[in-house]
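Visitor: One file is attached below, upload-v9.txt, containing compact mmCIF, C-alpha atoms.
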```txt
# COMPACT_ATOMS: atom_id res chain seq x y z
CA MET A 395 118.74 107.28 155.54
CA THR A 396 121.24 109.84 156.96
CA HIS A 397 124.17 110.95 154.82
CA LYS A 398 127.27 111.92 156.83
CA THR A 399 129.79 114.48 155.59
CA SER A 400 133.33 115.26 156.68
CA PRO A 401 133.56 117.56 159.71
CA GLY A 402 133.95 121.20 158.80
CA LEU A 403 133.00 120.76 155.09
CA ALA A 404 131.61 124.08 153.96
CA THR A 405 127.92 124.22 153.07
CA SER A 406 128.70 125.61 149.62
CA MET A 407 131.08 122.71 148.97
CA LYS A 408 128.47 120.18 150.09
CA ASP A 409 125.92 121.73 147.73
CA LYS A 410 128.42 121.59 144.88
CA LEU A 411 129.19 117.92 145.51
CA ILE A 412 125.48 117.07 145.65
CA GLN A 413 124.92 118.94 142.40
CA GLN A 414 127.78 117.09 140.68
CA ALA A 415 126.48 113.73 141.90
CA LEU A 416 123.00 114.52 140.60
CA GLU A 417 124.39 115.58 137.25
CA ARG A 418 126.38 112.35 136.97
CA ARG A 419 123.25 110.33 137.70
CA LEU A 420 121.25 112.21 135.08
CA ARG A 421 123.95 111.54 132.51
CA LYS A 422 123.93 107.81 133.33
CA THR A 423 120.14 107.46 133.11
CA GLY A 424 119.56 109.92 130.32
CA ASP A 425 119.73 109.42 126.57
CA GLY A 426 123.17 110.89 126.11
CA ALA A 427 122.00 114.46 125.63
CA PRO A 428 123.74 117.16 127.69
CA SER A 429 122.05 117.65 131.05
CA PRO A 430 120.91 121.15 131.96
CA SER A 431 122.64 122.76 134.90
CA LEU A 432 121.07 122.04 138.24
CA GLU A 433 122.24 125.32 139.69
CA GLY A 434 119.40 126.98 141.52
CA ILE A 435 117.49 123.71 141.92
CA LYS A 436 116.58 124.51 145.53
CA GLY A 437 115.05 127.84 144.63
CA ALA A 438 112.81 129.18 141.88
CA PRO A 439 113.33 127.65 138.39
CA ARG A 440 116.05 129.31 136.35
CA GLU A 441 115.06 131.02 133.09
CA GLU A 442 116.76 128.36 130.98
CA PHE A 443 114.15 125.81 132.09
CA GLY A 444 111.31 127.89 130.67
CA GLN A 445 111.57 126.27 127.25
CA PHE A 446 110.82 122.89 128.82
CA CYS A 447 107.51 124.21 130.15
CA ARG A 448 106.19 125.42 126.77
CA PHE A 449 104.31 123.07 124.48
CA ASP A 450 105.25 125.16 121.45
CA GLN A 451 108.89 124.21 122.17
CA PHE A 452 108.26 120.45 122.06
CA PRO A 453 110.23 118.98 119.12
CA GLY A 454 107.19 117.18 117.70
CA TYR A 455 105.15 120.36 117.61
CA GLN A 456 107.97 122.33 116.03
CA GLN A 457 108.26 119.69 113.30
CA LEU A 458 104.51 119.90 112.74
CA ARG A 459 104.68 123.70 112.39
CA ILE A 460 107.47 123.40 109.82
CA MET A 461 105.32 121.03 107.76
CA LEU A 462 102.15 123.11 107.98
CA ASP A 463 103.90 126.44 107.40
CA GLY A 464 105.81 124.98 104.47
CA ALA A 465 102.59 123.75 102.89
CA ALA A 466 101.01 127.16 103.39
CA ARG A 467 103.91 128.83 101.55
CA PHE A 468 103.08 126.63 98.55
CA GLY A 469 99.44 127.66 98.77
CA LEU A 470 98.35 124.24 100.05
CA ALA A 471 95.57 124.04 102.62
CA ASN A 472 95.80 121.58 105.49
CA PRO A 473 94.52 118.31 103.94
CA PHE A 474 93.58 116.79 107.29
CA PHE A 475 90.55 117.01 109.62
CA LYS A 476 88.12 117.81 106.81
CA LEU A 477 84.51 118.25 107.91
CA HIS A 478 82.12 115.71 106.42
CA GLU A 479 78.50 116.82 106.54
CA GLY A 480 76.88 113.41 106.33
CA LEU A 481 77.53 109.75 105.67
CA ALA A 482 81.00 109.10 104.25
CA GLY A 483 80.57 106.28 101.76
CA ALA A 484 81.55 106.15 98.11
CA GLU A 485 80.57 109.82 98.08
CA THR A 486 80.66 112.49 100.75
CA VAL A 487 79.66 116.13 101.18
CA MET A 488 82.12 118.71 102.50
CA GLY A 489 81.54 122.46 102.49
CA GLY A 490 78.30 121.94 100.61
CA SER A 491 80.08 120.20 97.71
CA ARG A 492 79.86 116.54 96.79
CA TYR A 493 83.03 114.48 96.35
CA VAL A 494 83.83 110.96 95.23
CA ASN A 495 85.29 109.62 98.45
CA PHE A 496 88.36 107.38 98.69
CA ALA A 497 89.33 108.37 102.25
CA SER A 498 87.06 106.09 104.31
CA TYR A 499 87.43 102.39 104.96
CA ASN A 500 83.72 101.68 104.80
CA TYR A 501 84.68 98.75 102.59
CA LEU A 502 81.37 96.90 102.53
CA GLY A 503 79.11 99.92 102.89
CA TYR A 504 77.80 98.79 106.28
CA SER A 505 78.20 102.25 107.81
CA GLY A 506 74.80 103.69 106.96
CA HIS A 507 73.32 100.27 106.15
CA PRO A 508 69.71 100.31 107.48
CA VAL A 509 70.06 97.00 109.35
CA VAL A 510 73.24 98.14 111.10
CA ALA A 511 71.85 101.59 111.94
CA GLU A 512 68.63 100.13 113.31
CA ALA A 513 70.53 97.70 115.53
CA ALA A 514 72.51 100.56 117.05
CA LYS A 515 69.35 102.59 117.70
CA ALA A 516 67.60 99.63 119.33
CA ALA A 517 70.57 99.04 121.61
CA ILE A 518 70.44 102.66 122.80
CA ASP A 519 66.75 102.32 123.56
CA GLN A 520 67.33 99.15 125.57
CA TYR A 521 70.70 99.76 127.25
CA GLY A 522 71.36 103.51 127.02
CA THR A 523 74.39 105.18 125.49
CA SER A 524 77.04 103.86 127.91
CA VAL A 525 77.70 100.95 130.25
CA SER A 526 79.16 103.62 132.56
CA ALA A 527 82.07 101.59 133.92
CA SER A 528 84.47 98.81 133.00
CA ARG A 529 82.78 95.56 132.13
CA PRO A 530 84.21 93.65 135.13
CA VAL A 531 82.68 96.35 137.37
CA SER A 532 79.48 97.33 135.58
CA GLY A 533 78.71 93.88 134.27
CA ASP A 534 78.29 92.74 130.67
CA ARG A 535 75.31 93.35 128.47
CA PRO A 536 74.06 90.46 126.35
CA ILE A 537 75.14 92.35 123.24
CA HIS A 538 78.80 92.18 124.33
CA ARG A 539 78.77 88.44 124.73
CA GLU A 540 76.84 87.88 121.50
CA LEU A 541 79.40 89.91 119.58
CA GLU A 542 82.34 88.04 121.10
CA GLN A 543 80.72 84.66 120.47
CA GLU A 544 80.07 85.63 116.85
CA LEU A 545 83.71 86.67 116.41
CA ALA A 546 84.88 83.37 117.90
CA ARG A 547 82.64 81.47 115.46
CA LEU A 548 84.01 83.50 112.57
CA TYR A 549 87.56 82.35 113.40
CA GLU A 550 86.52 78.89 114.60
CA VAL A 551 88.29 79.40 117.93
CA ASP A 552 87.22 79.17 121.57
CA ASP A 553 86.45 82.76 122.45
CA ALA A 554 87.01 86.46 121.76
CA ILE A 555 87.27 89.71 123.68
CA THR A 556 86.39 93.21 122.45
CA PHE A 557 88.09 96.49 123.37
CA VAL A 558 86.89 100.07 122.94
CA SER A 559 89.84 100.97 120.69
CA GLY A 560 91.58 99.07 117.92
CA HIS A 561 94.89 100.79 118.63
CA ALA A 562 94.58 100.05 122.34
CA THR A 563 93.81 96.40 121.55
CA ASN A 564 97.31 95.85 120.21
CA VAL A 565 98.98 98.05 122.80
CA THR A 566 97.42 96.39 125.81
CA THR A 567 97.49 92.81 124.51
CA ILE A 568 101.16 92.82 123.49
CA GLY A 569 102.18 95.13 126.31
CA TYR A 570 100.62 92.88 128.94
CA LEU A 571 101.36 89.37 127.63
CA PHE A 572 105.07 89.78 126.93
CA GLY A 573 108.08 90.95 128.91
CA PRO A 574 111.85 91.51 129.02
CA ARG A 575 112.76 87.83 128.60
CA ASP A 576 110.75 87.59 125.37
CA LEU A 577 111.38 88.41 121.71
CA ILE A 578 108.90 89.98 119.31
CA LEU A 579 109.55 89.81 115.57
CA HIS A 580 107.44 92.06 113.37
CA ASP A 581 107.16 93.04 109.74
CA GLU A 582 109.00 96.30 109.07
CA LEU A 583 105.70 97.87 107.92
CA ILE A 584 103.71 96.84 110.99
CA HIS A 585 101.19 99.27 112.47
CA ASN A 586 102.17 101.80 115.12
CA SER A 587 99.90 100.13 117.69
CA VAL A 588 102.04 96.99 117.58
CA LEU A 589 105.23 99.01 118.05
CA GLN A 590 103.71 100.82 121.02
CA GLY A 591 102.68 97.51 122.56
CA ILE A 592 106.17 96.08 122.15
CA GLN A 593 107.71 99.16 123.75
CA LEU A 594 105.32 98.84 126.70
CA SER A 595 106.13 95.15 127.12
CA GLY A 596 109.88 95.67 127.40
CA ALA A 597 110.47 92.68 125.12
CA ARG A 598 113.36 92.59 122.67
CA ARG A 599 112.16 93.86 119.29
CA LEU A 600 113.45 92.85 115.86
CA SER A 601 111.91 93.80 112.52
CA PHE A 602 112.19 91.81 109.32
CA ALA A 603 111.98 92.83 105.67
CA HIS A 604 108.43 93.22 104.44
CA ASN A 605 106.70 89.83 104.01
CA ASP A 606 110.06 88.01 104.12
CA TRP A 607 109.29 84.72 105.86
CA GLU A 608 112.75 83.37 105.00
CA ALA A 609 114.36 86.19 107.01
CA VAL A 610 112.18 85.21 109.97
CA ASP A 611 113.30 81.60 109.61
CA ARG A 612 116.96 82.65 109.72
CA VAL A 613 116.49 84.89 112.75
CA LEU A 614 114.59 82.24 114.68
CA SER A 615 117.16 79.57 113.83
CA ASP A 616 119.81 81.80 115.35
CA GLN A 617 117.97 83.50 118.21
CA ARG A 618 115.07 81.33 119.41
CA GLN A 619 117.05 79.62 122.17
CA HIS A 620 117.90 82.92 123.87
CA PHE A 621 114.29 83.81 124.80
CA GLU A 622 111.33 82.35 126.61
CA ARG A 623 108.33 83.45 124.55
CA VAL A 624 108.72 84.57 120.95
CA LEU A 625 105.92 86.33 119.08
CA VAL A 626 105.78 86.92 115.32
CA VAL A 627 103.37 89.70 114.29
CA LEU A 628 101.94 90.25 110.81
CA GLU A 629 99.07 92.12 109.21
CA GLY A 630 96.39 90.58 107.02
CA ILE A 631 96.45 93.50 104.59
CA TYR A 632 99.01 96.24 105.09
CA SER A 633 97.11 99.50 105.32
CA MET A 634 99.72 101.64 103.57
CA ASP A 635 100.53 99.25 100.73
CA GLY A 636 97.51 97.02 100.16
CA ASP A 637 99.46 93.75 100.04
CA PHE A 638 99.49 90.69 102.31
CA PRO A 639 101.89 88.03 103.64
CA ASP A 640 102.21 84.40 102.59
CA LEU A 641 100.56 83.34 105.84
CA PRO A 642 100.93 79.54 105.40
CA ARG A 643 104.74 80.00 105.39
CA PHE A 644 104.59 81.80 108.72
CA VAL A 645 102.29 79.09 110.10
CA GLU A 646 105.00 76.56 109.21
CA LEU A 647 107.60 78.63 111.08
CA ARG A 648 105.27 78.78 114.10
CA SER A 649 105.45 75.00 114.45
CA LYS A 650 109.08 74.65 113.40
CA HIS A 651 110.42 77.10 115.97
CA GLN A 652 107.71 76.83 118.66
CA VAL A 653 106.71 80.47 118.61
CA LEU A 654 103.43 82.36 118.88
CA LEU A 655 101.87 83.90 115.76
CA MET A 656 99.68 87.02 115.74
CA VAL A 657 97.81 88.42 112.74
CA ASP A 658 96.28 91.90 112.68
CA GLU A 659 93.21 91.66 110.43
CA ALA A 660 92.18 95.31 110.64
CA HIS A 661 92.03 95.70 106.85
CA SER A 662 91.60 92.09 105.71
CA LEU A 663 88.36 91.10 107.45
CA GLY A 664 85.51 91.60 105.01
CA VAL A 665 88.00 92.15 102.19
CA MET A 666 89.84 88.84 101.69
CA GLY A 667 88.31 85.43 101.11
CA GLN A 668 85.34 84.39 99.03
CA THR A 669 82.87 85.37 101.76
CA GLY A 670 84.97 88.07 103.43
CA LYS A 671 86.19 85.98 106.36
CA GLY A 672 89.68 87.37 105.89
CA ILE A 673 93.14 86.03 105.25
CA ARG A 674 92.34 82.72 106.95
CA GLU A 675 89.64 82.00 104.38
CA HIS A 676 91.84 83.25 101.55
CA PHE A 677 94.47 80.61 102.35
CA GLY A 678 92.12 77.93 103.68
CA LEU A 679 93.70 77.85 107.15
CA ALA A 680 92.24 76.63 110.43
CA GLY A 681 91.51 79.08 113.24
CA GLY A 682 94.04 77.31 115.45
CA ASP A 683 96.86 77.89 112.97
CA VAL A 684 97.27 81.37 114.44
CA ASP A 685 97.56 81.98 118.18
CA ILE A 686 96.26 85.55 118.34
CA TRP A 687 93.74 86.87 115.83
CA MET A 688 93.38 90.61 116.14
CA GLY A 689 91.08 92.93 114.24
CA THR A 690 89.14 96.15 114.37
CA LEU A 691 85.42 96.81 114.29
CA SER A 692 85.77 100.17 112.56
CA LYS A 693 86.36 99.12 108.97
CA SER A 694 84.28 96.39 107.32
CA LEU A 695 82.18 96.08 110.49
CA ALA A 696 81.23 99.78 110.48
CA SER A 697 81.61 100.35 114.20
CA CYS A 698 84.47 101.17 116.57
CA GLY A 699 86.88 99.20 118.73
CA GLY A 700 89.03 96.11 118.42
CA TYR A 701 89.02 92.41 119.25
CA ILE A 702 91.25 89.47 120.07
CA ALA A 703 90.15 85.94 119.18
CA GLY A 704 91.84 82.70 120.19
CA GLU A 705 91.88 79.96 122.79
CA SER A 706 90.00 80.28 126.08
CA ALA A 707 93.12 80.73 128.21
CA LEU A 708 94.21 83.73 126.12
CA VAL A 709 90.83 85.46 126.25
CA GLU A 710 90.18 84.75 129.92
CA HIS A 711 93.67 86.00 130.77
CA LEU A 712 93.03 89.31 128.97
CA LYS A 713 89.53 89.77 130.41
CA PHE A 714 90.70 89.53 133.99
CA LEU A 715 94.15 91.08 133.86
CA ALA A 716 94.92 93.16 130.74
CA PRO A 717 95.01 96.82 131.89
CA GLY A 718 93.51 98.20 128.68
CA PHE A 719 90.41 96.09 129.26
CA LEU A 720 90.27 95.92 133.04
CA TYR A 721 90.65 99.66 133.61
CA SER A 722 88.77 100.95 130.56
CA VAL A 723 85.06 101.62 130.22
CA GLY A 724 83.11 98.89 128.46
CA MET A 725 82.13 99.22 124.83
CA PRO A 726 78.90 101.25 124.42
CA PRO A 727 75.96 98.94 123.62
CA SER A 728 75.17 100.76 120.38
CA VAL A 729 78.75 100.26 119.16
CA ALA A 730 78.67 96.55 119.95
CA ALA A 731 75.24 96.19 118.35
CA ALA A 732 76.36 97.86 115.11
CA ALA A 733 79.40 95.57 114.80
CA LEU A 734 77.28 92.50 115.58
CA ALA A 735 74.70 93.42 112.96
CA ALA A 736 77.39 93.95 110.33
CA LEU A 737 79.05 90.66 111.27
CA ARG A 738 75.74 88.83 110.88
CA CYS A 739 75.14 90.46 107.49
CA LEU A 740 78.52 89.29 106.18
CA PRO A 741 77.63 85.62 105.41
CA GLU A 742 74.62 86.77 103.38
CA ASP A 743 76.49 89.47 101.48
CA GLY A 744 78.91 87.57 99.29
CA GLU A 745 77.93 89.87 96.45
CA ARG A 746 79.25 92.89 98.35
CA VAL A 747 82.56 91.15 98.96
CA ALA A 748 82.85 90.11 95.32
CA THR A 749 82.01 93.65 94.16
CA LEU A 750 84.60 95.15 96.51
CA GLN A 751 87.27 92.82 95.18
CA ALA A 752 86.30 93.57 91.58
CA ARG A 753 86.40 97.34 92.13
CA GLY A 754 89.82 97.07 93.75
CA ARG A 755 91.17 95.04 90.83
CA GLN A 756 89.74 97.57 88.40
CA PHE A 757 91.40 100.48 90.18
CA LEU A 758 94.76 98.70 90.34
CA GLU A 759 94.74 97.57 86.70
CA LEU A 760 93.74 101.01 85.38
CA ALA A 761 96.33 102.71 87.57
CA ARG A 762 99.10 100.44 86.32
CA ASP A 763 97.97 100.89 82.72
CA ALA A 764 98.21 104.66 83.28
CA GLY A 765 101.79 104.30 84.47
CA LEU A 766 101.04 105.12 88.12
CA ASP A 767 103.30 103.68 90.82
CA THR A 768 101.05 101.51 92.99
CA GLY A 769 103.89 99.77 94.82
CA THR A 770 103.10 96.23 95.93
CA SER A 771 99.33 96.66 96.16
CA THR A 772 97.21 93.63 95.27
CA GLY A 773 94.12 95.75 94.70
CA LEU A 774 92.36 94.45 97.80
CA ALA A 775 90.63 97.65 98.99
CA VAL A 776 93.87 99.65 99.46
CA VAL A 777 95.71 101.16 96.50
CA PRO A 778 98.46 103.76 96.99
CA VAL A 779 99.70 106.09 94.28
CA ILE A 780 103.33 106.76 95.23
CA THR A 781 104.52 110.27 94.38
CA GLY A 782 108.05 110.17 95.78
CA SER A 783 107.80 113.23 98.02
CA SER A 784 105.50 114.62 100.70
CA LEU A 785 105.13 117.86 98.75
CA LYS A 786 103.97 116.06 95.61
CA ALA A 787 101.57 113.91 97.62
CA THR A 788 100.02 117.00 99.20
CA GLN A 789 99.86 118.80 95.87
CA LEU A 790 98.20 115.82 94.20
CA SER A 791 95.64 115.46 96.98
CA SER A 792 94.84 119.17 96.73
CA ALA A 793 94.47 118.98 92.95
CA LEU A 794 92.15 115.99 93.25
CA SER A 795 90.04 117.86 95.78
CA ARG A 796 89.58 120.73 93.32
CA ARG A 797 88.25 118.18 90.85
CA GLY A 798 85.79 116.59 93.25
CA ILE A 799 87.83 113.64 94.55
CA ASN A 800 88.62 113.16 98.23
CA ALA A 801 91.83 111.13 98.73
CA GLN A 802 94.32 111.78 101.51
CA PRO A 803 98.10 112.16 101.29
CA ILE A 804 100.32 109.95 103.44
CA LEU A 805 103.43 111.89 104.34
CA HIS A 806 106.77 111.44 106.07
CA PRO A 807 107.23 110.26 108.83
CA ALA A 808 104.21 107.98 108.43
CA VAL A 809 106.07 106.56 105.44
CA PRO A 810 109.63 107.19 104.18
CA GLU A 811 109.88 110.47 102.26
CA LYS A 812 110.61 108.69 98.98
CA SER A 813 107.47 106.58 99.54
CA ALA A 814 105.06 109.47 100.19
CA ARG A 815 101.76 108.78 98.51
CA VAL A 816 98.08 109.45 98.06
CA ARG A 817 96.14 106.47 99.37
CA PHE A 818 92.85 105.25 97.93
CA PHE A 819 90.41 103.14 99.95
CA VAL A 820 88.04 101.35 97.56
CA SER A 821 84.48 100.45 98.56
CA CYS A 822 81.95 98.04 97.11
CA LEU A 823 79.75 101.15 96.70
CA HIS A 824 82.08 102.78 94.17
CA THR A 825 80.87 102.48 90.60
CA PRO A 826 83.11 101.39 87.71
CA GLU A 827 82.59 104.85 86.21
CA GLN A 828 83.77 106.60 89.37
CA ILE A 829 86.90 104.48 89.49
CA ALA A 830 87.74 104.92 85.81
CA GLU A 831 87.26 108.69 85.98
CA THR A 832 89.28 108.95 89.19
CA VAL A 833 92.27 107.07 87.81
CA ALA A 834 92.23 109.21 84.66
CA ILE A 835 92.17 112.42 86.73
CA VAL A 836 94.98 111.17 88.99
CA ALA A 837 97.16 110.49 85.96
CA GLN A 838 96.39 113.94 84.50
CA GLU A 839 97.12 115.83 87.70
CA LEU A 840 100.25 113.84 88.49
CA GLN A 841 101.58 114.58 85.03
CA LYS A 842 101.22 118.31 85.73
CA LEU A 843 103.45 117.97 88.80
```
Spit out the file's structure as structure tokens when you get a sec.

Guide:
Amino acid sequence: MTHKTSPGLATSMKDKLIQQALERRLRKTGDGAPSPSLEGIKGAPREEFGQFCRFDQFPGYQQLRIMLDGAARFGLANPFFKLHEGLAGAETVMGGSRYVNFASYNYLGYSGHPVVAEAAKAAIDQYGTSVSASRPVSGDRPIHRELEQELARLYEVDDAITFVSGHATNVTTIGYLFGPRDLILHDELIHNSVLQGIQLSGARRLSFAHNDWEAVDRVLSDQRQHFERVLVVLEGIYSMDGDFPDLPRFVELRSKHQVLLMVDEAHSLGVMGQTGKGIREHFGLAGGDVDIWMGTLSKSLASCGGYIAGESALVEHLKFLAPGFLYSVGMPPSVAAAALAALRCLPEDGERVATLQARGRQFLELARDAGLDTGTSTGLAVVPVITGSSLKATQLSSALSRRGINAQPILHPAVPEKSARVRFFVSCLHTPEQIAETVAIVAQELQKL
């Protein structure tokens, strides 16, 4: 397309008008921040653009440096990316020293379980270490289909699909299925992967107060008619707080307002219910009461990846068209085999589930008796000790480490600053003595702060 200018308009004036037009466009499409000058755009970059080409000038990195440097000034070592020298179960070895470990969600002790480990090794021998392409391209392996069929049976639904990443499962499923004419309602404490999926989808996003089904009812009564599809997203157990929603109430709202309901069972599978089948078993619900069951394979199932379970149309849709599945390499056979073995162990391991639940209750009760702030935790595998500041959380974690306990701090912005905490993941492998001693040490060290 040719742009005409007035006869005799000086070149310098034309350049200035073009520059002004470009600047106006940047202001309209930008986020309201002042636009840098475009002077010199036709030649070499001006010096003032140099800061935008340096990763150490990115705001996120600068914030990170402030946090790490601040911790160093208080004599606190970086509490993250610790090197474990072997299996991380109820105990772990780091730097040649043994610690009681509360930083791994190996809830049922299946990571390192001989049956699970042997299944992974056998799958490598038979299928190799990779399927070497996406599953639509490279073809399935029997182990993939067996795993998905077993997951579908667990939820008593038509089918299931597995992804190589739990985080990507939420991102690609929500991001693909929903769009700008839809509304997604989510608990205010929902996982980052759900938020990323909503952003990708372009759907309208509204959060509601934690576990407040009545707030959802009010919003839907007022807003449902303005959207095509509406999705309500919950978690089975909230990973930061260790509590869970009143799922039957949300199931009622699903029917009342004709919306879709999604439950992220990352931390509730293997933890809730008499036999570990999750929040559905805990409340005695049918598989069809929830439209999208999501979960991860990396916690109770001692593997890696995520899954979606539901009706055939949902799963088939995702298998053929969801970008995060279609354009991603298939799950390694050994990873699928480990998850399948753990899943098949679950019905026979009611004792492990009962022990896990008992250990969690013990930790919670002792912590409350000691005057520790455990928030809204129900004692189901996740128990936070809220310190009220990121500095205190880091100091407490460091003090625990010196006394042979590995428990990680959760800092702002992962949680609000006033809700900073040290989080404890409880396993069925922890002994009552380990839990009692840990809670006593936590109370002692927190008192010193």

Visitor: So how far away is CA of Gly464 in chain A from CA of Asn495 in chain A, in Å?

Guide: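 So the two atoms, CA of Asn495 in chain A and CA of Gly464 in chain A, lie 26.3 Å apart.
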
Visitor: To one decimal place, how far is CA of Ser498 in chain A from CA of Ala801 in chain A in Å?

Guide: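 A separation of 8.9 Å between them.
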
Visitor: Please provide as a PDB file with C-alpha atoms, keeping the file's coordinate frame all residues within 12 Å of range 738-752 of chain A, with the sequence filter that same-chain residues fewer than 4 positions apart are discarded (counting all atoms listed in the file).

Guide:
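Written out: result-v5.pdb:
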```pdb
ATOM      1  CA  ALA A 484      81.550 106.150  98.110  1.00  0.00           C
ATOM      2  CA  TYR A 499      87.430 102.390 104.960  1.00  0.00           C
ATOM      3  CA  ASN A 500      83.720 101.680 104.800  1.00  0.00           C
ATOM      4  CA  TYR A 501      84.680  98.750 102.590  1.00  0.00           C
ATOM      5  CA  LEU A 502      81.370  96.900 102.530  1.00  0.00           C
ATOM      6  CA  GLY A 503      79.110  99.920 102.890  1.00  0.00           C
ATOM      7  CA  TYR A 504      77.800  98.790 106.280  1.00  0.00           C
ATOM      8  CA  HIS A 507      73.320 100.270 106.150  1.00  0.00           C
ATOM      9  CA  PRO A 508      69.710 100.310 107.480  1.00  0.00           C
ATOM     10  CA  VAL A 509      70.060  97.000 109.350  1.00  0.00           C
ATOM     11  CA  VAL A 510      73.240  98.140 111.100  1.00  0.00           C
ATOM     12  CA  ALA A 513      70.530  97.700 115.530  1.00  0.00           C
ATOM     13  CA  GLU A 540      76.840  87.880 121.500  1.00  0.00           C
ATOM     14  CA  LEU A 541      79.400  89.910 119.580  1.00  0.00           C
ATOM     15  CA  GLN A 543      80.720  84.660 120.470  1.00  0.00           C
ATOM     16  CA  GLU A 544      80.070  85.630 116.850  1.00  0.00           C
ATOM     17  CA  LEU A 545      83.710  86.670 116.410  1.00  0.00           C
ATOM     18  CA  ARG A 547      82.640  81.470 115.460  1.00  0.00           C
ATOM     19  CA  LEU A 548      84.010  83.500 112.570  1.00  0.00           C
ATOM     20  CA  SER A 662      91.600  92.090 105.710  1.00  0.00           C
ATOM     21  CA  LEU A 663      88.360  91.100 107.450  1.00  0.00           C
ATOM     22  CA  GLY A 664      85.510  91.600 105.010  1.00  0.00           C
ATOM     23  CA  VAL A 665      88.000  92.150 102.190  1.00  0.00           C
ATOM     24  CA  MET A 666      89.840  88.840 101.690  1.00  0.00           C
ATOM     25  CA  GLY A 667      88.310  85.430 101.110  1.00  0.00           C
ATOM     26  CA  GLN A 668      85.340  84.390  99.030  1.00  0.00           C
ATOM     27  CA  THR A 669      82.870  85.370 101.760  1.00  0.00           C
ATOM     28  CA  GLY A 670      84.970  88.070 103.430  1.00  0.00           C
ATOM     29  CA  LYS A 671      86.190  85.980 106.360  1.00  0.00           C
ATOM     30  CA  GLY A 672      89.680  87.370 105.890  1.00  0.00           C
ATOM     31  CA  SER A 694      84.280  96.390 107.320  1.00  0.00           C
ATOM     32  CA  LEU A 695      82.180  96.080 110.490  1.00  0.00           C
ATOM     33  CA  ALA A 696      81.230  99.780 110.480  1.00  0.00           C
ATOM     34  CA  ALA A 731      75.240  96.190 118.350  1.00  0.00           C
ATOM     35  CA  ALA A 732      76.360  97.860 115.110  1.00  0.00           C
ATOM     36  CA  ALA A 733      79.400  95.570 114.800  1.00  0.00           C
ATOM     37  CA  LEU A 734      77.280  92.500 115.580  1.00  0.00           C
ATOM     38  CA  GLN A 756      89.740  97.570  88.400  1.00  0.00           C
ATOM     39  CA  PHE A 757      91.400 100.480  90.180  1.00  0.00           C
ATOM     40  CA  LEU A 758      94.760  98.700  90.340  1.00  0.00           C
ATOM     41  CA  GLU A 759      94.740  97.570  86.700  1.00  0.00           C
ATOM     42  CA  THR A 772      97.210  93.630  95.270  1.00  0.00           C
ATOM     43  CA  GLY A 773      94.120  95.750  94.700  1.00  0.00           C
ATOM     44  CA  LEU A 774      92.360  94.450  97.800  1.00  0.00           C
ATOM     45  CA  ALA A 775      90.630  97.650  98.990  1.00  0.00           C
ATOM     46  CA  VAL A 776      93.870  99.650  99.460  1.00  0.00           C
ATOM     47  CA  VAL A 777      95.710 101.160  96.500  1.00  0.00           C
ATOM     48  CA  PHE A 819      90.410 103.140  99.950  1.00  0.00           C
ATOM     49  CA  VAL A 820      88.040 101.350  97.560  1.00  0.00           C
ATOM     50  CA  SER A 821      84.480 100.450  98.560  1.00  0.00           C
ATOM     51  CA  CYS A 822      81.950  98.040  97.110  1.00  0.00           C
ATOM     52  CA  LEU A 823      79.750 101.150  96.700  1.00  0.00           C
ATOM     53  CA  HIS A 824      82.080 102.780  94.170  1.00  0.00           C
ATOM     54  CA  THR A 825      80.870 102.480  90.600  1.00  0.00           C
ATOM     55  CA  PRO A 826      83.110 101.390  87.710  1.00  0.00           C
ATOM     56  CA  ILE A 829      86.900 104.480  89.490  1.00  0.00           C
TER      57      ILE A 829
END
```

Visitor: What is the distance, in Å and to one decimal place, between CA of Ser813 in chain A and CA of Ser783 in chain A?

Guide: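 Spanning CA of Ser813 in chain A to CA of Ser783 in chain A is a straight-line distance of 6.8 Å.
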
Visitor: Can you work out which one of A:Pro807, A:Gly704, A:Gly630, A:Pro536 has the shortest atom-to-atom distance to Arg674 in chain A, counting all atoms listed in the file?

Guide: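 Among the listed residues, the smallest separation from Arg674 in chain A belongs to A:Gly630.
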
Visitor: Please list as a PyMOL selection string every residue within 6 Å of Val779 in chain A, counting all atoms listed in the file and excluding residues in the same chain fewer than 6 positions away.

Guide: chain A and resi 767-768+815-816

Visitor: Could you list, as a PyMOL selection string, every residue within 9 Å of Phe638 in chain A, counting all atoms listed in the file and ignoring same-chain residues fewer than 6 positions away?

Guide: chain A and resi 605+628-632+662+673+771-772

Visitor: As a PyMOL selection string, please: the residues near Ser706 in chain A (cut-off 6 Å, all atoms listed in the file, same-chain neighbours under 4 positions excluded).

Guide: chain A and resi 552-553+710

Visitor: What's the 7 Å shell around range 618-627 of chain A, counting only C-alpha atoms, without same-chain residues fewer than 5 positions away, as a PyMOL selection string?

Guide: chain A and resi 575-581+653-657

Visitor: With C-alpha atoms retained, could you export that selection as a compact mmCIF listing (two decimals), in the frame of the given file?

Guide:
```txt
# COMPACT_ATOMS: atom_id res chain seq x y z
CA ARG A 575 112.76 87.83 128.60
CA ASP A 576 110.75 87.59 125.37
CA LEU A 577 111.38 88.41 121.71
CA ILE A 578 108.90 89.98 119.31
CA LEU A 579 109.55 89.81 115.57
CA HIS A 580 107.44 92.06 113.37
CA ASP A 581 107.16 93.04 109.74
CA VAL A 653 106.71 80.47 118.61
CA LEU A 654 103.43 82.36 118.88
CA LEU A 655 101.87 83.90 115.76
CA MET A 656 99.68 87.02 115.74
CA VAL A 657 97.81 88.42 112.74
```
